[in-house]
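Some notes on the structure that comes next.
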Amino acid sequence: MSYDARFKVWRGDADGGGLQDYTVEVNEGEVVLDIIHRLQATQAPDLAVRWNCKAGKCGSCSAEVNGRPRLLCMTRMSTFEESQTITVTPLRTFPVQRDLVTDVSFNYQKAREVQAFTPPEDLQPGDYRMQQVDVQRSQEFRKCIECFLCQDVCHVVRDHEDNKQAFAGPRFLMRVAELDMHPLDTADRRPAAREQHGLGYCNITKCCTEVCPEHIKITDNALIPLKERVVDRHYDPVVWLGSKIRRRKD
Amino acid sequence: MTDAERPQGREGLDAESPERHEYDVIVIGAGGAGLRAAIEAREQGLRTAVICKSLFGKAHTVMAEGGIAASMGNANAKDSWQVHFRDTLRGGKFLNNPRMAELHAKEAPQRVWELETYGALFDRTKDGRISQRNFGGHEYPRLAHVGDRTGLELIRTLQQKIVSLQQQDRRETGDYESRLRVFAELTVTDILKDASGAVSGAVGYWRETGRFVHFSAPAIVLATGGIGKSFKVTSNSWEYTGDGHALALRAGAALINMEFIQFHPTGMVWPPSVKGILVTESVRGDGGVLRNSDGKRFMFDYVPDVFRGQYADSEEEADRWYEDPENNKRPPELLPRDEVARAINSEVKEGRGSPHGGVFLDVSTRLPAEEIIRRLPSMHHQFKELADVDITAEPMEVGPTCHYVMGGVEVDADTAATAVPGLYAAGEVAGGMHGSNRLGGNSLSDLLVFGRRAGLGAAEYVAGLGGSRPSTSEADVLAALETALAPYREADENPYALHSEMQQKMNDLVGIIRREGEVREALEVLDELDERAKNVGVQGGRAFNPGWHLALDLRNMLAVCRCVAMAALERTESRGGHTREDFPGMDPKWRGVNLVCTLEGDGGIALRHQPVPEIRQDLLELFERTELAKYLTEGELARRDGPGAAQQSDDGSGA
Ligand SMILES: Cc1cc2nc3c(=O)[nH]c(=O)nc-3n(C[C@H](O)[C@H](O)[C@H](O)COP(=O)(O)OP(=O)(O)OC[C@H]3O[C@@H](n4cnc5c(N)ncnc54)[C@H](O)[C@@H]3O)c2cc1C
Ligand code: SF4
Ligand code: SF4
Ligand code: FES
């Protein structure tokens with residue numbers, strides 16, 4: 001059942017590095033992260049990789065496998081031919097720290113720039129009432145495990161360092177949409193979506209949706225509706241007011 | 001950083017002075033307990049640091065699936081804190097710290113509602129309130145949940161609350177981090193104290209660079225979670241190396257109940273690389289049943305006497321319960337976890353297991369496919385992606401996995417204070433709340449209730465200090481750095497090999513079923529591993545070097561394993577998460593005993609007996625006398641009845 005696979009793993013740090021060749025045992029049912037762990041235990045004790053849950057729940061083990069952004073713990077070896085050489089590299093959009101570990105602090109900065117949930121001031125804990133159908137849309141976005149694969153793949157920042165300042169990336173535009181759709185959020189989030197978070201940079205290529213391990217329809221369900229609402233507001237602020245009031249009543 | 005600036009192992013300690021920070025309180029751990037503690041400390045006006053080993057938002061809490069227990073009474077109005085308290089004590093086999101169980105049951109609803117004000121979106125009932133689901137050991141549907149990703153919701157909500165406080169601080173001070181800062185990917189290696197024995201700070205290293213950091217702070221909240229990585233088959237992540245347990249021991253605090261380890265009955269068993277990954281109990285709460293290789297629902301054969309009255313005798317009654325819980329008893333699949341885990345273990349041992357050494361958990365014949373996908377989306381995903389199994393069409397194979405440690409740092413129930421001035425502990429790292437066995441859903445609520453109390457406790461302590469703060473001697477800081485660098489020695493013991501040997505031995509010898517001879521053997525193995533650990537040598541630089549990290553974690557795991565094994569040997573009965581094959585019964589005399597581990601001057605572990613805090617009379621009266629008689633000694637029962645009440649019985653209707 002087991003065989004020896006050929007791997008190329010990027011080793012190095014901020015000063016530079018390159019692909020290193022390894023031949024390593026693979027057993028039935030294993031995922032790429034198992035192989036990286038086997039390398040650590042047998043050939044490369046200081047090989048750096050991030051991971052936590054090994055069950056696709058925490059979003060730590062993001063890297064690129066054969067150039068595609070993936071969770072290492074959810075990439076099964078059985079999806080490759082035994083003869084195929086597998087190349088594992090760090091996320092390209094973020095500065096490398098060491099080996100497969102990158103500096104993802106960009107994402108935490110962007111998270112901090114999205115205005116927090118703003119409930120009605122007079123609503124007491126325990127008195128929140130919301131219908132399942134109304135929370136469902138935001139719940140989809142809250143499945144996000146913050147793996148940042150969508151941030152990594154989005155072409156707006158992938159090869160354009162200079163756009164990082166003005167663009168929050170799909171994950172955090174989706175956060176804006178999530179709050180915008182929260183039945184009890186009182187803030188008008190549309191001006192910031194355009195002016196601060198760079199919604200206009202997104203040209204709905206859907207690459208983010210394709211890589212999302214949680215299968216969240218980022219583009220269709222978050223970004224496009226947000227764009228529509230921003231445009232609405234741009235032309236007619238009354239529409240927004242009306243929609244919020246109507247939503248509160250039901 | 002260029003190569004020359006990057007610390008390379010031992011060299012450079014003289015040249016390198018650690019980065020320094022000063023806070024009012026530092027919270028070690030960014031899971032549910034740590035984040036809730038930090039929120040409270042910051043809201044009480046303390047300058048607060050949160051430290052965690054992994055990225056912000058990745059702590060173990062993220063993995064919790066089923067839900068958070070709180071008697072809000074949304075699904076069944078008969079629920080109340082008293083019923084929750086009762087269930088918690090039954091689950092813990094009456095060994096719980098009763099004050100903790102009381103505070104937990106009373107405060108959990110407020111803590112859950114508060115999450116909604118932070119932005120949490122739980123699944124809803126028809127009338128728009130928080131939906132609650134059934135879970136093992138809970139009399140009423142009690143678990144607030146979001147599908148089967150409740151832990152993710154909890155951690156993201158708390159993370160976003162922290163961000164919201166930081167935004168507020170920025171508006172007021174111009175700096176997001178002026179009052180509350182998260183130090184992510186920083187591992188704490190030691191707690192520091194002043195000459196009087198009070199907490200004065202901590203030492204750790206940045207995982208990214210290997211640089212050392214010295215924090216000065218008069219108060220520390222430990223919220224480091226559990227110890228599961230000491231066992232081979234576990235649902236826990238690499239972070240669970242018992243750091244907080246070991247930090248507390250070394251700082252002079254006590255660990256209690258370390259023999260009690262929860263083996264969750266349903267972990268994945270196949271393929272080997274995912275062995276141990278959790279299959280949430282909601283599968284059973286929502287109708288899933290356990291079968292052996294003969295197709296039999298074997299749990300009916302394993303209902304222990306203490307639970308006879310509460311669980312169904314026939315499949316028909318059990319099935320009716322899902323629709324009509326008022327008039328039917330619960331299915332035995334929903335017995336507390338220790339019972340189910342032992343039952344699966346016996347079935348497999350007697351040759352009625354599944355092909356890969358587990359049993360079958362089937363939901364496919366119980367619910368329509370769409371319903372399964374809606375209620376258990378991440379289980380559906382997990383089995384499909386990792387095992388090629390479609391749970392809507394075929395049964396899963398499951399078996400016990402090391403999941404949770406009931407034992408932990410001994411704390412004061414109201415303030416979460418340990419015996420060391422300035423040291424607090426909350427969450428999985430703290431002991432007492434769950435007694436000998438934790439009910440599902442009672443951890444997430446525990447994190448919030450006692451996380452908040454630890455933040456408050458620390459704030460009161462700091463306020464009480466006035467202007468005077470404990471100071472640390474430079475020599476102590478340097479000694480802590482030396483210890484952390486010790487694995488950079490010319491030696492060739494491989495930390496990975498040592499770790500995997502320890503995991504295997506703990507699994508085999510101090511696992512779900514224990515025997516005197518084997519536990520003794522484990523202690524000998526631990527002696528040997530302690531010796532070998534002195535010869536662990538690591539290579540490479542200090543920047544993100546997992547070999548070095550593991551070498552440091554080993555020290556903690558070895559100390560914790562020793563406590564587990566010593567307590568497991570001492571307790572000659574079976575109760576909750578401690579099963580002795582040579583002492584299969586529950587013994588009322590042991591009910592009142594906590595086993596307490598402390599560190600001796602010579603580095604050894606001392607074990608002593610200590611009475612479990614007494615259950616207050618009004619709390620005892622929540623139970624029927626006949627039920628108490630199954631747990632308490634004659635003397636304790638007589639005290640409950642009080643003078644002149646000898647004839648009285650079954651009067652406990654306080655619920
Ligand atoms: C798969 C799974 C499912 C579960 N499902 C449920 C459920 O449905 N309901 C329920 O109630 N419970 C559940 N539990 C249990 C519950 O999730 C945990 O007990 C709980 O999350 C522990 O939280 P905590 O805050 O104590 O610690 P954690 O969330 O584990 O956080 C520990 C923190 O401490 C940090 N840390 C540790 N050591 C150090 C150090 N040396 N230096 C710096 N930082 C350190 C870590 O980085 C981390 O941030 C589940 C557990 C698992 C494994
Ligand atoms: S859809 Fe928008 S956000 Fe997503 S990858 Fe394309 S440009 Fe980026
Ligand atoms: S939206 Fe999807 S891809 Fe993006 S960070 Fe969240 S889980 Fe990852
Ligand atoms: S390790 Fe958690 S998602 Fe891969």
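How things are named: the first chain in the structure tokens is A, the next is B, and so on; residues count from 1 in each chain; ligands count from 1 in the order shown.
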For the contact check between chain B and ligand 4, emit one row per residue of chain B within 12 Å, containing the shortest atom pair and the distance in Å rounded to one decimal, counting only C-alpha atoms and all ligand atoms, chain then rising number order, as a Markdown table.
```
| residue | atom | partner | partner_atom_place_in_ligand_line | distance |
| --- | --- | --- | --- | --- |
| B:Ser54 | CA | ligand 4 | 2 (Fe) | 11.0 |
| B:Leu55 | CA | ligand 4 | 2 (Fe) | 11.2 |
| B:Gly57 | CA | ligand 4 | 2 (Fe) | 11.2 |
| B:Lys58 | CA | ligand 4 | 2 (Fe) | 7.9 |
| B:Ala59 | CA | ligand 4 | 2 (Fe) | 10.0 |
| B:His60 | CA | ligand 4 | 2 (Fe) | 9.7 |
| B:Thr61 | CA | ligand 4 | 2 (Fe) | 11.9 |
| B:Val62 | CA | ligand 4 | 2 (Fe) | 9.3 |
| B:Met63 | CA | ligand 4 | 2 (Fe) | 8.8 |
| B:Leu152 | CA | ligand 4 | 2 (Fe) | 11.7 |
| B:Asn236 | CA | ligand 4 | 2 (Fe) | 11.1 |
| B:Ser237 | CA | ligand 4 | 1 (S) | 8.4 |
| B:Trp238 | CA | ligand 4 | 1 (S) | 9.6 |
| B:Glu239 | CA | ligand 4 | 1 (S) | 11.4 |
| B:Val274 | CA | ligand 4 | 1 (S) | 11.7 |
| B:Ile277 | CA | ligand 4 | 2 (Fe) | 11.6 |
| B:Gln382 | CA | ligand 4 | 3 (S) | 11.3 |
| B:Leu386 | CA | ligand 4 | 4 (Fe) | 11.9 |
```
inquiry  = Neighbouring residues of segment 127-130 of chain A were defined as those with any atom within 7 Å, considering only C-alpha atoms; residues of the same chain fewer than 6 positions away were excluded. Please report them as a PyMOL selection string.
reply    = (chain A and resi 183) or (chain B and resi 128-129)
Grab me every residue within 7 Å of ligand 1, counting only C-alpha atoms and all ligand atoms, and send it over as a compact mmCIF listing (two decimals) with N, CA and C atoms, in the first residue's frame.
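File written: out-v8.txt
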```txt
# COMPACT_ATOMS: atom_id res chain seq x y z
N ILE B 28 -2.37 33.79 29.24
CA ILE B 28 -1.67 32.83 28.39
C ILE B 28 -2.71 31.90 27.79
N GLY B 29 -2.96 32.08 26.51
CA GLY B 29 -3.98 31.28 25.84
C GLY B 29 -5.03 32.17 25.19
N ALA B 30 -5.34 31.88 23.94
CA ALA B 30 -6.32 32.68 23.20
C ALA B 30 -7.46 31.81 22.72
N GLY B 31 -7.82 30.80 23.51
CA GLY B 31 -9.03 30.04 23.23
C GLY B 31 -10.20 30.76 23.91
N GLY B 32 -11.31 30.06 24.05
CA GLY B 32 -12.49 30.68 24.65
C GLY B 32 -12.21 31.25 26.03
N ALA B 33 -11.51 30.50 26.86
CA ALA B 33 -11.27 30.94 28.23
C ALA B 33 -10.36 32.17 28.25
N GLY B 34 -9.27 32.10 27.49
CA GLY B 34 -8.31 33.20 27.49
C GLY B 34 -8.91 34.47 26.93
N ILE B 51 -1.42 36.01 25.05
CA ILE B 51 -0.31 35.32 24.39
C ILE B 51 -0.80 33.97 23.90
N CYS B 52 -0.44 33.61 22.67
CA CYS B 52 -0.82 32.27 22.21
C CYS B 52 0.23 31.67 21.29
N LYS B 53 0.24 30.34 21.26
CA LYS B 53 1.28 29.62 20.50
C LYS B 53 1.02 29.67 19.01
N SER B 54 -0.27 29.72 18.63
CA SER B 54 -0.53 29.74 17.19
C SER B 54 -1.10 31.10 16.80
N LYS B 58 -6.93 30.59 16.06
CA LYS B 58 -6.71 29.19 15.69
C LYS B 58 -6.71 28.26 16.90
N ALA B 59 -6.93 28.79 18.09
CA ALA B 59 -6.82 27.96 19.30
C ALA B 59 -7.78 26.79 19.19
N HIS B 60 -7.54 25.83 20.05
CA HIS B 60 -8.28 24.59 20.01
C HIS B 60 -9.79 24.76 20.04
N THR B 61 -10.24 25.79 20.70
CA THR B 61 -11.68 26.04 20.80
C THR B 61 -12.34 26.05 19.43
N VAL B 62 -11.58 26.42 18.42
CA VAL B 62 -12.13 26.49 17.06
C VAL B 62 -12.67 25.13 16.61
N MET B 63 -12.17 24.06 17.21
CA MET B 63 -12.56 22.72 16.76
C MET B 63 -13.86 22.23 17.38
N ALA B 64 -14.32 22.89 18.42
CA ALA B 64 -15.53 22.40 19.09
C ALA B 64 -16.69 22.41 18.11
N GLU B 65 -17.50 21.38 18.19
CA GLU B 65 -18.49 21.19 17.15
C GLU B 65 -19.91 21.36 17.68
N GLY B 66 -20.24 20.50 18.64
CA GLY B 66 -21.64 20.31 19.00
C GLY B 66 -22.36 21.50 19.56
N GLY B 67 -21.77 22.18 20.53
CA GLY B 67 -22.51 23.29 21.10
C GLY B 67 -22.05 23.69 22.47
N ILE B 68 -22.80 24.63 23.02
CA ILE B 68 -22.46 25.23 24.31
C ILE B 68 -23.68 25.10 25.21
N ALA B 69 -23.46 24.50 26.38
CA ALA B 69 -24.60 24.16 27.24
C ALA B 69 -25.01 25.33 28.12
N THR B 150 -19.78 25.11 16.26
CA THR B 150 -20.03 26.06 17.33
C THR B 150 -18.74 26.70 17.86
N GLY B 151 -17.67 25.91 17.94
CA GLY B 151 -16.42 26.45 18.46
C GLY B 151 -15.87 27.56 17.58
N LEU B 186 3.72 33.03 20.07
CA LEU B 186 4.72 33.24 21.12
C LEU B 186 4.46 32.19 22.19
N THR B 187 5.46 31.40 22.52
CA THR B 187 5.28 30.32 23.50
C THR B 187 5.89 30.73 24.83
N VAL B 188 5.09 30.62 25.89
CA VAL B 188 5.60 30.92 27.23
C VAL B 188 6.28 29.66 27.78
N THR B 189 7.50 29.82 28.31
CA THR B 189 8.21 28.65 28.82
C THR B 189 8.28 28.61 30.34
N ALA B 223 -4.71 29.92 30.52
CA ALA B 223 -5.89 29.43 29.76
C ALA B 223 -5.37 28.62 28.59
N THR B 224 -4.50 27.66 28.92
CA THR B 224 -3.72 26.97 27.89
C THR B 224 -4.35 25.70 27.37
N GLY B 225 -5.52 25.32 27.89
CA GLY B 225 -6.18 24.12 27.35
C GLY B 225 -5.60 22.84 27.92
N GLY B 226 -5.60 21.76 27.11
CA GLY B 226 -5.40 20.41 27.63
C GLY B 226 -4.09 19.74 27.33
N SER B 235 -8.08 13.55 19.70
CA SER B 235 -8.76 14.53 18.86
C SER B 235 -8.09 15.89 18.99
N ASN B 236 -7.03 15.96 19.77
CA ASN B 236 -6.43 17.25 20.10
C ASN B 236 -5.31 17.64 19.13
N GLU B 239 -1.03 21.81 19.94
CA GLU B 239 -0.89 22.78 21.03
C GLU B 239 -1.12 22.12 22.39
N TYR B 240 -1.78 20.96 22.39
CA TYR B 240 -2.20 20.37 23.66
C TYR B 240 -1.12 19.56 24.34
N ASP B 243 1.10 22.58 28.61
CA ASP B 243 2.01 23.64 29.05
C ASP B 243 1.52 24.32 30.32
N GLY B 244 0.24 24.68 30.33
CA GLY B 244 -0.29 25.42 31.48
C GLY B 244 -0.26 24.57 32.73
N ILE B 277 -9.45 11.78 14.99
CA ILE B 277 -10.21 13.01 14.69
C ILE B 277 -11.66 12.82 15.12
N LEU B 278 -12.21 13.86 15.72
CA LEU B 278 -13.50 13.73 16.37
C LEU B 278 -14.68 13.59 15.41
N THR B 280 -18.51 14.33 15.96
CA THR B 280 -19.25 15.01 17.02
C THR B 280 -20.39 14.18 17.58
N HIS B 403 -9.66 12.94 24.42
CA HIS B 403 -10.38 14.13 24.00
C HIS B 403 -10.23 15.31 24.96
N TYR B 404 -10.25 15.05 26.24
CA TYR B 404 -10.37 16.15 27.19
C TYR B 404 -9.80 15.71 28.52
N ALA B 426 -8.21 29.17 34.06
CA ALA B 426 -9.60 28.97 33.61
C ALA B 426 -9.62 28.14 32.34
N GLY B 427 -10.75 27.47 32.11
CA GLY B 427 -10.89 26.65 30.92
C GLY B 427 -10.40 25.24 31.17
N GLU B 428 -10.02 24.55 30.10
CA GLU B 428 -9.64 23.15 30.24
C GLU B 428 -8.45 22.97 31.18
N VAL B 429 -7.59 23.95 31.29
CA VAL B 429 -6.41 23.81 32.15
C VAL B 429 -6.77 23.79 33.63
N GLY B 440 -20.73 16.75 27.34
CA GLY B 440 -20.55 17.51 26.11
C GLY B 440 -21.22 18.87 26.25
N GLY B 441 -20.61 19.88 25.69
CA GLY B 441 -21.20 21.21 25.74
C GLY B 441 -20.88 21.98 27.00
N ASN B 442 -20.46 21.27 28.04
CA ASN B 442 -20.14 21.95 29.29
C ASN B 442 -18.76 22.58 29.29
N SER B 443 -17.97 22.32 28.25
CA SER B 443 -16.67 22.99 28.24
C SER B 443 -16.80 24.42 27.71
N LEU B 444 -17.47 24.59 26.59
CA LEU B 444 -17.56 25.94 26.03
C LEU B 444 -18.19 26.90 27.04
N SER B 445 -19.20 26.43 27.76
CA SER B 445 -19.83 27.30 28.76
C SER B 445 -18.87 27.55 29.92
N LEU B 447 -15.66 27.73 29.72
CA LEU B 447 -14.66 28.71 29.28
C LEU B 447 -15.14 30.13 29.53
```
key: Surroundings of ligand 2 up to 7 Å, based on only C-alpha atoms and all ligand atoms, as JSON, numbers by chain   = {"A": [150, 153, 154, 155, 156, 169, 170, 201, 202, 203, 204, 205, 206, 207, 208, 209, 219]}
task = Go through A:Val24, A:Val9, A:Cys53, A:Ile35 and flag the residue nearest chain B, using only C-alpha atoms for the distances.
result = A:Cys53
key: Nearby residues (only C-alpha atoms) at most 12 Å from Ser473 of chain B, same-chain spacing under 5 positions excluded, as a ChimeraX atom specification   = /B:192-196,200-202,214,216,478-480
Mind checking which residues fall within 10 Å of Asn27 of chain A, counting only C-alpha atoms, ignoring those fewer than 5 positions away in the same chain, and posting them as a PDB file with N, CA and C atoms, in the first residue's frame?
```pdb
ATOM      1  N   MET A   1       0.821  -1.205   0.000  1.00  0.00           N
ATOM      2  CA  MET A   1       0.000   0.000   0.000  1.00  0.00           C
ATOM      3  C   MET A   1       0.854   1.254   0.000  1.00  0.00           C
ATOM      4  N   SER A   2       2.055   1.161   0.594  1.00  0.00           N
ATOM      5  CA  SER A   2       2.842   2.395   0.641  1.00  0.00           C
ATOM      6  C   SER A   2       3.824   2.448  -0.529  1.00  0.00           C
ATOM      7  N   TYR A   3       4.230   3.656  -0.835  1.00  0.00           N
ATOM      8  CA  TYR A   3       5.185   3.864  -1.922  1.00  0.00           C
ATOM      9  C   TYR A   3       6.051   5.074  -1.595  1.00  0.00           C
ATOM     10  N   ASP A   4       7.105   5.253  -2.369  1.00  0.00           N
ATOM     11  CA  ASP A   4       7.959   6.421  -2.159  1.00  0.00           C
ATOM     12  C   ASP A   4       7.578   7.507  -3.158  1.00  0.00           C
ATOM     13  N   ASP A  34       0.643  15.022   6.336  1.00  0.00           N
ATOM     14  CA  ASP A  34       1.289  13.831   6.913  1.00  0.00           C
ATOM     15  C   ASP A  34       2.700  13.672   6.349  1.00  0.00           C
ATOM     16  N   ILE A  35       2.832  13.954   5.070  1.00  0.00           N
ATOM     17  CA  ILE A  35       4.138  13.765   4.427  1.00  0.00           C
ATOM     18  C   ILE A  35       5.128  14.812   4.943  1.00  0.00           C
ATOM     19  N   MET A  77      -3.189  12.528  -0.646  1.00  0.00           N
ATOM     20  CA  MET A  77      -2.157  12.048  -1.562  1.00  0.00           C
ATOM     21  C   MET A  77      -2.771  11.244  -2.694  1.00  0.00           C
ATOM     22  N   SER A  78      -3.937  10.646  -2.442  1.00  0.00           N
ATOM     23  CA  SER A  78      -4.545   9.810  -3.484  1.00  0.00           C
ATOM     24  C   SER A  78      -5.043  10.638  -4.669  1.00  0.00           C
TER      25      SER A  78
ATOM     26  N   PRO B 271      -8.895   6.431   7.568  1.00  0.00           N
ATOM     27  CA  PRO B 271      -7.550   5.850   7.477  1.00  0.00           C
ATOM     28  C   PRO B 271      -6.644   6.258   8.658  1.00  0.00           C
ATOM     29  N   PRO B 272      -5.499   5.542   8.790  1.00  0.00           N
ATOM     30  CA  PRO B 272      -4.654   5.743   9.968  1.00  0.00           C
ATOM     31  C   PRO B 272      -4.263   7.202  10.193  1.00  0.00           C
ATOM     32  N   SER B 273      -4.071   7.942   9.122  1.00  0.00           N
ATOM     33  CA  SER B 273      -3.572   9.295   9.313  1.00  0.00           C
ATOM     34  C   SER B 273      -4.625  10.212   9.944  1.00  0.00           C
TER      35      SER B 273
END
```
8 Å contact set for Ala144 of chain B, only C-alpha atoms, chain neighbours under 3 positions out, as a JSON list (two decimals) with all heavy atoms, in the first residue's frame:
```
[["chain", "number", "residue", "atom", "x", "y", "z"],
["B", 67, "GLY", "N", -21.77, 22.18, 20.53],
["B", 67, "GLY", "CA", -22.51, 23.29, 21.10],
["B", 67, "GLY", "C", -22.05, 23.69, 22.47],
["B", 67, "GLY", "O", -21.07, 23.17, 23.01],
["B", 68, "ILE", "N", -22.80, 24.63, 23.02],
["B", 68, "ILE", "CA", -22.46, 25.23, 24.31],
["B", 68, "ILE", "C", -23.68, 25.10, 25.21],
["B", 68, "ILE", "O", -24.79, 25.48, 24.84],
["B", 68, "ILE", "CB", -22.01, 26.68, 24.08],
["B", 68, "ILE", "CG1", -21.84, 27.44, 25.37],
["B", 68, "ILE", "CG2", -22.96, 27.46, 23.17],
["B", 68, "ILE", "CD1", -21.11, 28.76, 25.15],
["B", 69, "ALA", "N", -23.46, 24.50, 26.38],
["B", 69, "ALA", "CA", -24.60, 24.16, 27.24],
["B", 69, "ALA", "C", -25.01, 25.33, 28.12],
["B", 69, "ALA", "O", -24.17, 25.91, 28.80],
["B", 69, "ALA", "CB", -24.24, 22.96, 28.12],
["B", 70, "ALA", "N", -26.28, 25.67, 28.09],
["B", 70, "ALA", "CA", -26.80, 26.74, 28.95],
["B", 70, "ALA", "C", -28.30, 26.56, 29.07],
["B", 70, "ALA", "O", -28.98, 26.38, 28.07],
["B", 70, "ALA", "CB", -26.48, 28.12, 28.35],
["B", 122, "PHE", "N", -26.18, 32.38, 16.36],
["B", 122, "PHE", "CA", -26.53, 30.98, 16.60],
["B", 122, "PHE", "C", -27.71, 30.58, 15.72],
["B", 122, "PHE", "O", -28.45, 31.44, 15.23],
["B", 122, "PHE", "CB", -26.94, 30.80, 18.07],
["B", 122, "PHE", "CG", -25.81, 30.93, 19.03],
["B", 122, "PHE", "CD1", -25.61, 32.11, 19.75],
["B", 122, "PHE", "CD2", -24.91, 29.89, 19.20],
["B", 122, "PHE", "CE1", -24.55, 32.24, 20.63],
["B", 122, "PHE", "CE2", -23.85, 30.01, 20.08],
["B", 122, "PHE", "CZ", -23.67, 31.19, 20.80],
["B", 123, "ASP", "N", -27.89, 29.27, 15.55],
["B", 123, "ASP", "CA", -29.10, 28.77, 14.89],
["B", 123, "ASP", "C", -30.31, 29.16, 15.74],
["B", 123, "ASP", "O", -30.21, 29.27, 16.96],
["B", 123, "ASP", "CB", -29.03, 27.24, 14.72],
["B", 123, "ASP", "CG", -28.01, 26.84, 13.66],
["B", 123, "ASP", "OD1", -27.56, 27.73, 12.91],
["B", 123, "ASP", "OD2", -27.65, 25.65, 13.59],
["B", 130, "ILE", "N", -32.48, 31.51, 20.47],
["B", 130, "ILE", "CA", -31.36, 30.62, 20.17],
["B", 130, "ILE", "C", -31.83, 29.17, 20.26],
["B", 130, "ILE", "O", -32.40, 28.75, 21.27],
["B", 130, "ILE", "CB", -30.21, 30.85, 21.17],
["B", 130, "ILE", "CG1", -29.67, 32.28, 21.02],
["B", 130, "ILE", "CG2", -29.11, 29.82, 20.98],
["B", 130, "ILE", "CD1", -28.64, 32.67, 22.06],
["B", 131, "SER", "N", -31.60, 28.42, 19.20],
["B", 131, "SER", "CA", -32.02, 27.02, 19.17],
["B", 131, "SER", "C", -31.13, 26.19, 20.09],
["B", 131, "SER", "O", -29.95, 26.49, 20.26],
["B", 131, "SER", "CB", -31.94, 26.55, 17.72],
["B", 131, "SER", "OG", -31.89, 25.14, 17.68],
["B", 132, "GLN", "N", -31.68, 25.13, 20.68],
["B", 132, "GLN", "CA", -30.90, 24.28, 21.59],
["B", 132, "GLN", "C", -31.08, 22.82, 21.22],
["B", 132, "GLN", "O", -32.20, 22.39, 20.94],
["B", 132, "GLN", "CB", -31.34, 24.54, 23.04],
["B", 132, "GLN", "CG", -31.11, 26.00, 23.42],
["B", 132, "GLN", "CD", -31.31, 26.25, 24.90],
["B", 132, "GLN", "OE1", -32.36, 26.66, 25.32],
["B", 132, "GLN", "NE2", -30.28, 25.99, 25.69],
["B", 133, "ARG", "N", -29.98, 22.06, 21.24],
["B", 133, "ARG", "CA", -30.06, 20.66, 20.81],
["B", 133, "ARG", "C", -29.76, 19.70, 21.95],
["B", 133, "ARG", "O", -29.19, 20.06, 22.96],
["B", 133, "ARG", "CB", -29.13, 20.40, 19.62],
["B", 133, "ARG", "CG", -27.67, 20.44, 19.91],
["B", 133, "ARG", "CD", -26.80, 19.63, 18.90],
["B", 133, "ARG", "NE", -27.08, 19.80, 17.50],
["B", 133, "ARG", "CZ", -26.23, 20.27, 16.58],
["B", 133, "ARG", "NH1", -25.01, 20.64, 16.95],
["B", 133, "ARG", "NH2", -26.55, 20.35, 15.31]]
```
Selection as number ranges by chain: residues within 12 Å of ligand 3 by only C-alpha atoms and all ligand atoms = A: 56-63, 69-71, 104, 107-108, 111, 140-154, 168-175, 177-178, 206-219, 221-223; B: 57, 152, 156
ask   = Which one of A:Gln136, A:Asn66, A:Ser83, A:Thr186 sits closest to chain B if you count only C-alpha atoms?
value =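 Of A:Gln136, A:Asn66, A:Ser83, A:Thr186, the one nearest chain B is A:Gln136, counting only C-alpha atoms.
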request  = Select residues of chain A: the criterion is any atom within 7 Å of an atom of chain B, counting only C-alpha atoms; output as a ChimeraX atom specification.
outcome  = /A:15,29-30,41,45-48,52-53,57-58,74,98,112,116-117,119,125-126,129-132,135,139
Written selection (C-alpha atoms) as a short mmCIF file (atom, residue, chain, number, x, y, z; two decimals), in the first residue's frame:
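Wrote out19.cif, looks like this:
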```
data_model
loop_
_atom_site.label_atom_id
_atom_site.label_comp_id
_atom_site.auth_asym_id
_atom_site.auth_seq_id
_atom_site.Cartn_x
_atom_site.Cartn_y
_atom_site.Cartn_z
CA ASP A 15 16.71 36.35 2.48
CA GLY A 29 -5.17 7.56 3.26
CA GLU A 30 -2.49 10.16 3.94
CA ALA A 41 10.49 13.41 11.86
CA PRO A 45 13.69 18.24 11.77
CA ASP A 46 13.66 22.02 11.38
CA LEU A 47 11.29 22.20 8.40
CA ALA A 48 8.81 24.95 9.29
CA ASN A 52 -3.17 22.98 14.27
CA CYS A 53 -6.23 20.82 13.85
CA LYS A 57 -11.19 23.41 10.80
CA CYS A 58 -8.60 25.98 11.82
CA MET A 74 -7.15 18.39 3.36
CA ARG A 98 10.63 30.42 6.93
CA ARG A 112 -9.07 45.49 12.41
CA ALA A 116 -17.22 46.01 14.53
CA PHE A 117 -20.79 44.72 14.87
CA PRO A 119 -26.17 46.44 17.65
CA PRO A 125 -28.67 40.59 26.10
CA GLY A 126 -31.26 37.81 25.98
CA ARG A 129 -34.79 37.85 18.23
CA MET A 130 -33.85 36.81 14.71
CA GLN A 131 -35.38 34.38 12.23
CA GLN A 132 -33.32 31.51 10.84
CA VAL A 135 -29.34 34.87 9.82
CA GLN A 139 -23.98 32.37 8.75
#
```
